[in-house]
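Chemist: Dropping in model36.cif, which is mmCIF, C-alpha atoms:
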data_target
loop_
_atom_site.label_atom_id
_atom_site.label_comp_id
_atom_site.auth_asym_id
_atom_site.auth_seq_id
_atom_site.Cartn_x
_atom_site.Cartn_y
_atom_site.Cartn_z
CA MET A 1063 -30.78 7.66 -17.63
CA SER A 1064 -33.31 5.55 -15.76
CA SER A 1065 -34.83 7.38 -12.83
CA THR A 1066 -35.04 4.20 -10.78
CA GLN A 1067 -31.29 3.54 -10.96
CA SER A 1068 -29.42 5.36 -8.23
CA THR A 1069 -26.15 7.00 -9.18
CA HIS A 1070 -25.12 7.37 -5.54
CA SER A 1071 -24.07 4.66 -3.13
CA ASP A 1072 -23.17 4.67 0.54
CA GLU A 1073 -21.71 1.49 2.06
CA LEU A 1074 -20.34 0.69 5.51
CA LEU A 1075 -17.95 -1.97 6.80
CA THR A 1076 -16.50 -2.43 10.28
CA VAL A 1077 -13.46 -4.67 10.77
CA PRO A 1078 -11.11 -5.58 13.62
CA ALA A 1079 -7.91 -3.53 13.32
CA ARG A 1080 -5.68 -6.41 12.23
CA PHE A 1081 -3.40 -6.90 9.24
CA ASP A 1082 -5.30 -10.03 8.21
CA GLN A 1083 -8.32 -7.79 7.56
CA LEU A 1084 -6.51 -5.53 5.07
CA ARG A 1085 -7.59 -7.53 2.03
CA ARG A 1086 -11.20 -7.48 3.17
CA VAL A 1087 -11.15 -3.69 3.37
CA THR A 1088 -9.32 -3.12 0.08
CA GLU A 1089 -11.66 -5.55 -1.71
CA PHE A 1090 -14.70 -3.79 -0.26
CA VAL A 1091 -13.48 -0.36 -1.34
CA SER A 1092 -12.30 -1.57 -4.73
CA ARG A 1093 -15.72 -3.08 -5.48
CA GLN A 1094 -17.42 0.27 -4.84
CA ALA A 1095 -14.78 2.04 -6.94
CA GLU A 1096 -15.41 -0.38 -9.81
CA ARG A 1097 -19.16 0.23 -9.63
CA ALA A 1098 -18.54 3.96 -9.73
CA GLY A 1099 -16.52 3.48 -12.92
CA PHE A 1100 -12.90 3.77 -11.81
CA ALA A 1101 -10.45 2.06 -14.20
CA PRO A 1102 -8.25 -0.84 -12.93
CA LEU A 1103 -5.11 1.26 -12.50
CA GLU A 1104 -7.05 3.88 -10.54
CA ARG A 1105 -8.59 1.14 -8.40
CA ASN A 1106 -5.10 -0.12 -7.60
CA ARG A 1107 -4.19 3.41 -6.49
CA ILE A 1108 -7.31 3.60 -4.30
CA GLU A 1109 -6.46 0.20 -2.78
CA LEU A 1110 -2.96 1.47 -2.00
CA ALA A 1111 -4.30 4.56 -0.21
CA VAL A 1112 -6.77 2.52 1.86
CA ASP A 1113 -4.17 -0.17 2.63
CA GLU A 1114 -1.62 2.41 3.82
CA ALA A 1115 -4.24 4.26 5.89
CA CYS A 1116 -5.45 1.07 7.60
CA SER A 1117 -1.89 -0.17 8.15
CA ASN A 1118 -1.07 3.12 9.92
CA ILE A 1119 -4.15 2.79 12.13
CA ILE A 1120 -3.30 -0.83 13.03
CA GLN A 1121 0.40 -0.18 13.59
CA HIS A 1122 0.32 3.25 15.25
CA ALA A 1123 -3.15 4.32 16.43
CA TYR A 1124 -3.87 0.94 18.03
CA ALA A 1125 -0.24 0.11 18.81
CA ASP A 1126 -0.86 -0.31 22.54
CA GLN A 1127 -4.34 -1.77 22.49
CA ALA A 1128 -5.94 -4.93 21.22
CA GLY A 1129 -9.53 -5.23 20.05
CA GLY A 1130 -9.66 -1.92 18.17
CA LEU A 1131 -12.02 -1.44 15.24
CA ILE A 1132 -11.81 0.37 11.94
CA ARG A 1133 -15.06 1.71 10.52
CA VAL A 1134 -14.99 2.16 6.78
CA ARG A 1135 -17.52 4.21 4.84
CA VAL A 1136 -17.46 4.44 1.06
CA GLN A 1137 -19.64 6.96 -0.71
CA THR A 1138 -19.62 7.12 -4.48
CA GLU A 1139 -21.19 9.14 -7.24
CA ALA A 1140 -21.24 7.16 -10.47
CA ARG A 1141 -18.66 8.32 -13.03
CA SER A 1142 -17.69 11.13 -10.72
CA ARG A 1143 -16.04 10.53 -7.36
CA ILE A 1144 -15.35 8.29 -4.38
CA VAL A 1145 -15.21 9.44 -0.76
CA ILE A 1146 -13.61 7.03 1.71
CA THR A 1147 -13.90 7.68 5.43
CA LEU A 1148 -11.95 5.66 8.00
CA VAL A 1149 -12.77 6.01 11.67
CA ASP A 1150 -10.73 4.66 14.59
CA THR A 1151 -10.68 5.25 18.34
CA GLY A 1152 -6.94 4.79 18.77
CA LYS A 1153 -4.15 7.20 19.56
CA PRO A 1154 -4.15 10.44 17.52
CA PHE A 1155 -0.96 11.43 15.71
CA ASP A 1156 0.45 14.53 14.08
CA PRO A 1157 0.92 13.96 10.34
CA GLY A 1158 3.47 16.79 10.48
CA ASP A 1159 5.70 14.61 12.70
CA VAL A 1160 5.91 11.82 10.10
CA PRO A 1161 9.17 11.96 8.13
CA GLN A 1162 8.64 13.21 4.57
CA HIS A 1163 9.46 10.76 1.82
CA ASP A 1164 11.66 12.39 -0.80
CA PRO A 1165 11.25 10.55 -4.13
CA LYS A 1166 14.34 12.31 -5.49
CA ALA A 1167 16.65 11.35 -2.61
CA ASN A 1168 19.74 9.23 -3.25
CA LEU A 1169 19.51 5.65 -2.13
CA ASP A 1170 21.81 6.27 0.86
CA ASP A 1171 19.76 9.26 2.01
CA MET A 1172 16.43 7.56 1.51
CA LYS A 1173 14.48 7.31 4.74
CA ILE A 1174 12.31 4.30 5.38
CA GLY A 1175 9.45 6.23 7.05
CA GLY A 1176 6.76 8.36 5.49
CA LEU A 1177 6.24 6.18 2.43
CA GLY A 1178 2.67 5.23 3.34
CA LEU A 1179 1.49 8.80 3.91
CA TYR A 1180 3.26 9.88 0.73
CA LEU A 1181 1.45 7.17 -1.27
CA MET A 1182 -1.92 8.24 0.16
CA ARG A 1183 -1.33 11.83 -0.91
CA GLN A 1184 -0.03 10.79 -4.33
CA THR A 1185 -2.95 8.52 -5.12
CA MET A 1186 -5.90 10.54 -3.79
CA ASP A 1187 -7.04 14.07 -4.67
CA ASP A 1188 -7.71 15.04 -1.07
CA VAL A 1189 -6.51 13.50 2.23
CA ARG A 1190 -7.83 15.03 5.41
CA PHE A 1191 -7.09 13.99 9.01
CA GLU A 1192 -9.22 14.91 11.99
CA PHE A 1193 -8.27 13.84 15.51
CA ASN A 1194 -10.20 13.62 18.77
CA VAL A 1195 -13.51 14.34 17.09
CA ARG A 1196 -16.33 14.46 19.66
CA GLY A 1197 -18.90 11.87 18.62
CA ARG A 1198 -22.64 11.93 19.03
CA TRP A 1199 -22.99 9.14 21.58
CA PRO A 1200 -24.40 6.47 21.28
CA ARG A 1201 -24.51 6.58 17.48
CA GLU A 1202 -20.81 7.34 17.33
CA PRO A 1203 -17.88 6.68 19.67
CA LYS A 1204 -17.39 9.45 22.26
CA ARG A 1205 -14.09 10.41 20.69
CA PHE A 1206 -12.62 9.23 17.44
CA ASN A 1207 -10.16 9.97 14.65
CA ARG A 1208 -11.42 10.40 11.13
CA LEU A 1209 -9.54 10.21 7.87
CA THR A 1210 -11.33 11.34 4.72
CA MET A 1211 -9.89 10.56 1.29
CA ILE A 1212 -11.48 11.79 -1.92
CA LYS A 1213 -10.75 10.89 -5.51
CA ASP A 1214 -12.43 12.19 -8.66
CA ILE A 1215 -12.60 10.15 -11.85
CA MET B 604 -2.01 -14.21 0.13
CA MET B 605 1.55 -14.31 -1.03
CA GLU B 606 3.75 -17.12 -2.23
CA LEU B 607 7.48 -16.94 -2.44
CA GLU B 608 10.01 -19.15 -4.15
CA VAL B 609 13.78 -18.76 -4.24
CA LYS B 610 15.80 -20.27 -7.08
CA SER B 611 19.53 -20.13 -6.53
CA LEU B 612 21.68 -20.11 -9.64
CA LYS B 613 25.48 -20.02 -9.67
CA LYS B 614 25.83 -16.31 -9.08
CA VAL B 615 22.29 -15.01 -9.02
CA ASP B 616 19.25 -15.72 -6.86
CA VAL B 617 15.78 -15.36 -8.31
CA ILE B 618 12.98 -14.65 -5.85
CA ALA B 619 9.59 -15.25 -7.46
CA VAL B 620 6.73 -13.69 -5.52
CA SER B 621 3.09 -14.14 -6.40
CA GLY B 622 -0.15 -12.69 -5.08
CA ARG B 623 -0.15 -9.62 -2.88
CA ILE B 624 2.49 -8.14 -0.61
CA ASP B 625 1.13 -5.92 2.16
CA SER B 626 1.73 -5.33 5.88
CA SER B 627 0.33 -8.77 6.70
CA ASN B 628 3.13 -10.66 4.93
CA ALA B 629 5.91 -8.23 3.93
CA ALA B 630 8.10 -9.63 6.73
CA ASP B 631 8.36 -12.95 4.83
CA PHE B 632 9.49 -11.12 1.70
CA ASP B 633 11.92 -9.02 3.75
CA ASN B 634 13.36 -12.12 5.46
CA ALA B 635 13.83 -13.98 2.16
CA MET B 636 16.01 -11.16 0.85
CA LYS B 637 17.83 -10.69 4.17
CA ASP B 638 18.62 -14.41 4.36
CA LEU B 639 20.32 -14.31 0.96
CA LEU B 640 22.20 -11.09 1.72
CA SER B 641 23.42 -12.42 5.07
CA GLN B 642 24.89 -15.42 3.21
CA GLY B 643 26.84 -13.05 0.98
CA ARG B 644 24.48 -13.56 -1.97
CA ARG B 645 24.20 -10.06 -3.44
CA HIS B 646 22.81 -10.51 -6.94
CA ILE B 647 19.07 -10.71 -6.61
CA VAL B 648 16.39 -10.82 -9.29
CA LEU B 649 12.82 -10.22 -8.14
CA ASP B 650 10.53 -12.10 -10.51
CA LEU B 651 7.30 -10.10 -10.25
CA SER B 652 5.49 -11.76 -13.16
CA LYS B 653 2.87 -13.23 -10.82
CA LEU B 654 2.71 -10.38 -8.34
CA ASP B 655 -0.65 -8.59 -8.31
CA TYR B 656 -0.03 -5.90 -5.76
CA MET B 657 2.57 -4.38 -3.44
CA SER B 658 2.10 -1.76 -0.71
CA SER B 659 4.75 0.39 0.99
CA ALA B 660 5.55 -2.50 3.35
CA GLY B 661 7.00 -4.43 0.40
CA LEU B 662 8.64 -1.34 -1.08
CA ARG B 663 10.46 -0.67 2.20
CA ALA B 664 11.82 -4.23 2.20
CA MET B 665 13.00 -3.77 -1.40
CA VAL B 666 14.85 -0.53 -0.57
CA ALA B 667 16.51 -2.10 2.48
CA ALA B 668 17.68 -5.04 0.34
CA LEU B 669 18.89 -2.73 -2.41
CA LYS B 670 20.99 -0.71 0.06
CA SER B 671 22.51 -3.85 1.53
CA ALA B 672 23.22 -5.45 -1.88
CA ARG B 673 24.79 -2.30 -3.34
CA HIS B 674 27.04 -1.83 -0.30
CA GLY B 675 28.40 -5.29 -1.01
CA GLY B 676 28.90 -4.53 -4.69
CA GLY B 677 25.73 -6.31 -5.81
CA ASN B 678 22.29 -5.25 -6.92
CA VAL B 679 18.58 -6.01 -6.72
CA VAL B 680 16.74 -5.83 -10.05
CA ILE B 681 13.15 -6.40 -11.10
CA ALA B 682 11.78 -8.65 -13.83
CA GLU B 683 8.36 -8.66 -15.49
CA PRO B 684 6.47 -6.20 -13.25
CA ASN B 685 2.83 -5.74 -14.23
CA GLU B 686 1.32 -2.36 -15.11
CA ARG B 687 0.09 -1.76 -11.56
CA MET B 688 3.49 -2.49 -10.06
CA VAL B 689 5.22 -0.16 -12.53
CA ASP B 690 2.69 2.52 -11.54
CA THR B 691 3.33 1.95 -7.82
CA LEU B 692 7.10 2.26 -8.34
CA LYS B 693 6.58 5.51 -10.26
CA LEU B 694 4.29 6.93 -7.57
CA VAL B 695 7.07 6.75 -4.97
CA GLY B 696 9.90 7.61 -7.36
CA PHE B 697 11.53 4.15 -7.34
CA GLN B 698 11.39 3.56 -11.10
CA THR B 699 14.99 4.70 -11.52
CA LEU B 700 16.21 3.05 -8.31
CA PHE B 701 15.43 -0.47 -9.54
CA THR B 702 16.47 -1.58 -13.01
CA GLN B 703 13.51 -3.30 -14.70
CA TYR B 704 13.74 -6.11 -17.24
CA PRO B 705 10.95 -7.44 -19.44
CA HIS B 706 12.08 -11.05 -18.88
CA VAL B 707 13.60 -12.94 -15.95
CA LEU B 708 16.39 -14.33 -18.15
CA ASP B 709 17.45 -10.83 -19.22
CA ALA B 710 17.58 -9.84 -15.56
CA VAL B 711 19.71 -12.88 -14.68
CA ASP B 712 22.04 -12.14 -17.62
CA SER B 713 22.51 -8.56 -16.43
CA PHE B 714 24.81 -9.81 -13.66
#
Can you dump the structure from the file as structure tokens?
Modeler:
Amino acid sequence: MSSTQSTHSDELLTVPARFDQLRRVTEFVSRQAERAGFAPLERNRIELAVDEACSNIIQHAYADQAGGLIRVRVQTEARSRIVITLVDTGKPFDPGDVPQHDPKANLDDMKIGGLGLYLMRQTMDDVRFEFNVRGRWPREPKRFNRLTMIKDI
Amino acid sequence: MMELEVKSLKKVDVIAVSGRIDSSNAADFDNAMKDLLSQGRRHIVLDLSKLDYMSSAGLRAMVAALKSARHGGGNVVIAEPNERMVDTLKLVGFQTLFTQYPHVLDAVDSF
């Protein structure tokens, strides 16, 4: 392996928390995943996780406020893993309060909620929520929520 | 970006969706199915041959339509899903909920 070619990458993107930005974020993440060597089907799964996570932030965390931002960080190790971090300054939530999707439920018993969170956990190896993190001002917001999702190749 | 086209046959309606369905446009997909169901049209084929991607927002709309169609004695079936869509359906356990056909015509003939 060439010593000049880095096998690690660390990329940042900040977008307004709006649905019309979803594609921008999923494209950004998918590009890093492709560079790291994730196959197309795995990239689709990563896009799903990121899409669901951002949709939750837009819909719930920033439900009552306009002008919110989502900070996206993608760290990769070539042919090894991807670490996606999403930061928002919206309302925290308790993942335990979200209804659990039951993939074996009958159609009539199937609940509409919880599908997004379920998809995130199905598609990624690790999904970790942190709420009301105290930031190092001014480099970081004073308080923020952080979601970390990790997937190994 | 998503495009949606409804073709109404005698008994069956075919909704062809192309592009990507996510939270930014799933309401259009949801409304297209609701419009048909509210008119008493309960045999729906979703032509997914040109669909690249669907998130839970689209899946929720599909389940709502399926419930409504089945209650009226109809059904919602899927035609020509790509590999990624089949994977997404499997991830949430919907692969048995929606009958899948390799061709739109087979799906139409199933009614």
Chemist: As a ChimeraX atom specification, could you give me every residue of chain B near chain A (at most 7 Å apart, counting only C-alpha atoms)?
Modeler: /B:626-627,658-659,663,670,687,694-696
Chemist: Next, the residues of the selection above should be written as a CSV table (one decimal), in the coordinates of the input with C-alpha atoms.
Modeler:
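Below is the file that was written, part21.csv:
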chain,number,residue,atom,x,y,z
B,626,SER,CA,1.7,-5.3,5.9
B,627,SER,CA,0.3,-8.8,6.7
B,658,SER,CA,2.1,-1.8,-0.7
B,659,SER,CA,4.8,0.4,1.0
B,663,ARG,CA,10.5,-0.7,2.2
B,670,LYS,CA,21.0,-0.7,0.1
B,687,ARG,CA,0.1,-1.8,-11.6
B,694,LEU,CA,4.3,6.9,-7.6
B,695,VAL,CA,7.1,6.8,-5.0
B,696,GLY,CA,9.9,7.6,-7.4
Chemist: Counting all atoms listed in the file, which residue out of B:Asp650, B:Glu686, B:Asp712, B:Asp633 sits closest to B:Val666?
Modeler: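 Residue with the minimum atom-to-atom distance to B:Val666: B:Asp633.
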Chemist: When you look at stretch 638-641 of chain B with a cut-off of 12 Å (counting only C-alpha atoms), what residues show up, excluding the ones that are within fewer than 5 positions of it in the same chain? I need them as a PyMOL selection string.
Modeler: chain B and resi 609-611+614-618+630-633+646-648+667-679
Chemist: Would you work out the distance separating atom CA of A:Glu1192 from atom CA of A:Thr1069, expressed in Å to one decimal?
Modeler: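 Computing the Euclidean distance for atom CA of A:Glu1192 and atom CA of A:Thr1069 yields 28.2 Å.
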Chemist: Which residues, named as in the file, does the PyMOL selection byres ((chain A and resi 1132) around 7) pick out? Answer as a VMD selection string.
Modeler: chain A and resid 1076 to 1079 1130 to 1131 1133 to 1134 1148 to 1150
Chemist: Could you work out how far atom CA of A:Val1160 lies from atom CA of A:Phe1193, giving the answer in Å with one decimal?
Modeler: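 Between atom CA of A:Phe1193 and atom CA of A:Val1160 the gap is 15.3 Å.
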Chemist: With N, CA, C and O atoms as the target, complete stretch 628-652 of chain B and hand it back as a PDB file, keeping the file's coordinate frame.
Modeler:
ATOM      1  N   ASN B 628       2.158  -9.616   5.311  1.00  0.00           N
ATOM      2  CA  ASN B 628       3.130 -10.660   4.930  1.00  0.00           C
ATOM      3  C   ASN B 628       4.470 -10.125   4.435  1.00  0.00           C
ATOM      4  O   ASN B 628       5.330 -10.913   4.028  1.00  0.00           O
ATOM      5  N   ALA B 629       4.673  -8.802   4.470  1.00  0.00           N
ATOM      6  CA  ALA B 629       5.910  -8.230   3.930  1.00  0.00           C
ATOM      7  C   ALA B 629       7.145  -8.731   4.681  1.00  0.00           C
ATOM      8  O   ALA B 629       8.246  -8.768   4.112  1.00  0.00           O
ATOM      9  N   ALA B 630       6.962  -9.137   5.953  1.00  0.00           N
ATOM     10  CA  ALA B 630       8.100  -9.630   6.730  1.00  0.00           C
ATOM     11  C   ALA B 630       8.707 -10.885   6.094  1.00  0.00           C
ATOM     12  O   ALA B 630       9.925 -11.071   6.108  1.00  0.00           O
ATOM     13  N   ASP B 631       7.865 -11.739   5.500  1.00  0.00           N
ATOM     14  CA  ASP B 631       8.360 -12.950   4.830  1.00  0.00           C
ATOM     15  C   ASP B 631       9.227 -12.592   3.624  1.00  0.00           C
ATOM     16  O   ASP B 631      10.268 -13.194   3.371  1.00  0.00           O
ATOM     17  N   PHE B 632       8.757 -11.613   2.873  1.00  0.00           N
ATOM     18  CA  PHE B 632       9.490 -11.120   1.700  1.00  0.00           C
ATOM     19  C   PHE B 632      10.818 -10.495   2.141  1.00  0.00           C
ATOM     20  O   PHE B 632      11.881 -10.772   1.578  1.00  0.00           O
ATOM     21  N   ASP B 633      10.742  -9.667   3.181  1.00  0.00           N
ATOM     22  CA  ASP B 633      11.920  -9.020   3.750  1.00  0.00           C
ATOM     23  C   ASP B 633      12.941 -10.070   4.212  1.00  0.00           C
ATOM     24  O   ASP B 633      14.139  -9.980   3.890  1.00  0.00           O
ATOM     25  N   ASN B 634      12.457 -11.078   4.934  1.00  0.00           N
ATOM     26  CA  ASN B 634      13.360 -12.120   5.460  1.00  0.00           C
ATOM     27  C   ASN B 634      14.014 -12.931   4.350  1.00  0.00           C
ATOM     28  O   ASN B 634      15.188 -13.302   4.468  1.00  0.00           O
ATOM     29  N   ALA B 635      13.270 -13.203   3.276  1.00  0.00           N
ATOM     30  CA  ALA B 635      13.830 -13.980   2.160  1.00  0.00           C
ATOM     31  C   ALA B 635      15.026 -13.255   1.561  1.00  0.00           C
ATOM     32  O   ALA B 635      16.060 -13.872   1.255  1.00  0.00           O
ATOM     33  N   MET B 636      14.896 -11.939   1.413  1.00  0.00           N
ATOM     34  CA  MET B 636      16.010 -11.160   0.850  1.00  0.00           C
ATOM     35  C   MET B 636      17.146 -11.025   1.859  1.00  0.00           C
ATOM     36  O   MET B 636      18.320 -11.151   1.504  1.00  0.00           O
ATOM     37  N   LYS B 637      16.803 -10.811   3.124  1.00  0.00           N
ATOM     38  CA  LYS B 637      17.830 -10.690   4.170  1.00  0.00           C
ATOM     39  C   LYS B 637      18.626 -11.977   4.329  1.00  0.00           C
ATOM     40  O   LYS B 637      19.841 -11.944   4.557  1.00  0.00           O
ATOM     41  N   ASP B 638      17.936 -13.111   4.235  1.00  0.00           N
ATOM     42  CA  ASP B 638      18.620 -14.410   4.360  1.00  0.00           C
ATOM     43  C   ASP B 638      19.702 -14.539   3.297  1.00  0.00           C
ATOM     44  O   ASP B 638      20.831 -14.936   3.593  1.00  0.00           O
ATOM     45  N   LEU B 639      19.350 -14.214   2.057  1.00  0.00           N
ATOM     46  CA  LEU B 639      20.320 -14.310   0.960  1.00  0.00           C
ATOM     47  C   LEU B 639      21.489 -13.356   1.194  1.00  0.00           C
ATOM     48  O   LEU B 639      22.656 -13.740   1.089  1.00  0.00           O
ATOM     49  N   LEU B 640      21.156 -12.111   1.541  1.00  0.00           N
ATOM     50  CA  LEU B 640      22.200 -11.090   1.720  1.00  0.00           C
ATOM     51  C   LEU B 640      23.141 -11.458   2.872  1.00  0.00           C
ATOM     52  O   LEU B 640      24.345 -11.243   2.780  1.00  0.00           O
ATOM     53  N   SER B 641      22.589 -12.057   3.925  1.00  0.00           N
ATOM     54  CA  SER B 641      23.420 -12.420   5.070  1.00  0.00           C
ATOM     55  C   SER B 641      24.364 -13.589   4.729  1.00  0.00           C
ATOM     56  O   SER B 641      25.370 -13.806   5.388  1.00  0.00           O
ATOM     57  N   GLN B 642      24.006 -14.340   3.668  1.00  0.00           N
ATOM     58  CA  GLN B 642      24.890 -15.420   3.210  1.00  0.00           C
ATOM     59  C   GLN B 642      25.893 -14.925   2.173  1.00  0.00           C
ATOM     60  O   GLN B 642      26.606 -15.717   1.556  1.00  0.00           O
ATOM     61  N   GLY B 643      25.912 -13.608   1.956  1.00  0.00           N
ATOM     62  CA  GLY B 643      26.840 -13.050   0.980  1.00  0.00           C
ATOM     63  C   GLY B 643      26.345 -13.132  -0.449  1.00  0.00           C
ATOM     64  O   GLY B 643      27.082 -12.858  -1.389  1.00  0.00           O
ATOM     65  N   ARG B 644      25.063 -13.508  -0.628  1.00  0.00           N
ATOM     66  CA  ARG B 644      24.480 -13.560  -1.970  1.00  0.00           C
ATOM     67  C   ARG B 644      23.928 -12.157  -2.274  1.00  0.00           C
ATOM     68  O   ARG B 644      22.996 -11.714  -1.600  1.00  0.00           O
ATOM     69  N   ARG B 645      24.529 -11.488  -3.239  1.00  0.00           N
ATOM     70  CA  ARG B 645      24.200 -10.060  -3.440  1.00  0.00           C
ATOM     71  C   ARG B 645      23.648  -9.735  -4.809  1.00  0.00           C
ATOM     72  O   ARG B 645      23.511  -8.586  -5.158  1.00  0.00           O
ATOM     73  N   HIS B 646      23.382 -10.761  -5.618  1.00  0.00           N
ATOM     74  CA  HIS B 646      22.810 -10.510  -6.940  1.00  0.00           C
ATOM     75  C   HIS B 646      21.407 -11.111  -6.975  1.00  0.00           C
ATOM     76  O   HIS B 646      21.245 -12.316  -7.131  1.00  0.00           O
ATOM     77  N   ILE B 647      20.439 -10.236  -6.773  1.00  0.00           N
ATOM     78  CA  ILE B 647      19.070 -10.710  -6.610  1.00  0.00           C
ATOM     79  C   ILE B 647      18.158 -10.209  -7.724  1.00  0.00           C
ATOM     80  O   ILE B 647      18.143  -9.015  -8.041  1.00  0.00           O
ATOM     81  N   VAL B 648      17.427 -11.157  -8.311  1.00  0.00           N
ATOM     82  CA  VAL B 648      16.390 -10.820  -9.290  1.00  0.00           C
ATOM     83  C   VAL B 648      15.037 -11.054  -8.634  1.00  0.00           C
ATOM     84  O   VAL B 648      14.780 -12.138  -8.109  1.00  0.00           O
ATOM     85  N   LEU B 649      14.182 -10.040  -8.648  1.00  0.00           N
ATOM     86  CA  LEU B 649      12.820 -10.220  -8.140  1.00  0.00           C
ATOM     87  C   LEU B 649      11.913 -10.489  -9.344  1.00  0.00           C
ATOM     88  O   LEU B 649      11.701  -9.604 -10.180  1.00  0.00           O
ATOM     89  N   ASP B 650      11.447 -11.724  -9.438  1.00  0.00           N
ATOM     90  CA  ASP B 650      10.530 -12.100 -10.510  1.00  0.00           C
ATOM     91  C   ASP B 650       9.116 -11.713 -10.074  1.00  0.00           C
ATOM     92  O   ASP B 650       8.524 -12.372  -9.206  1.00  0.00           O
ATOM     93  N   LEU B 651       8.601 -10.633 -10.667  1.00  0.00           N
ATOM     94  CA  LEU B 651       7.300 -10.100 -10.250  1.00  0.00           C
ATOM     95  C   LEU B 651       6.184 -10.457 -11.233  1.00  0.00           C
ATOM     96  O   LEU B 651       5.103  -9.866 -11.202  1.00  0.00           O
ATOM     97  N   SER B 652       6.461 -11.437 -12.110  1.00  0.00           N
ATOM     98  CA  SER B 652       5.490 -11.760 -13.160  1.00  0.00           C
ATOM     99  C   SER B 652       4.134 -12.194 -12.594  1.00  0.00           C
ATOM    100  O   SER B 652       3.105 -12.018 -13.241  1.00  0.00           O
TER     101      SER B 652
END
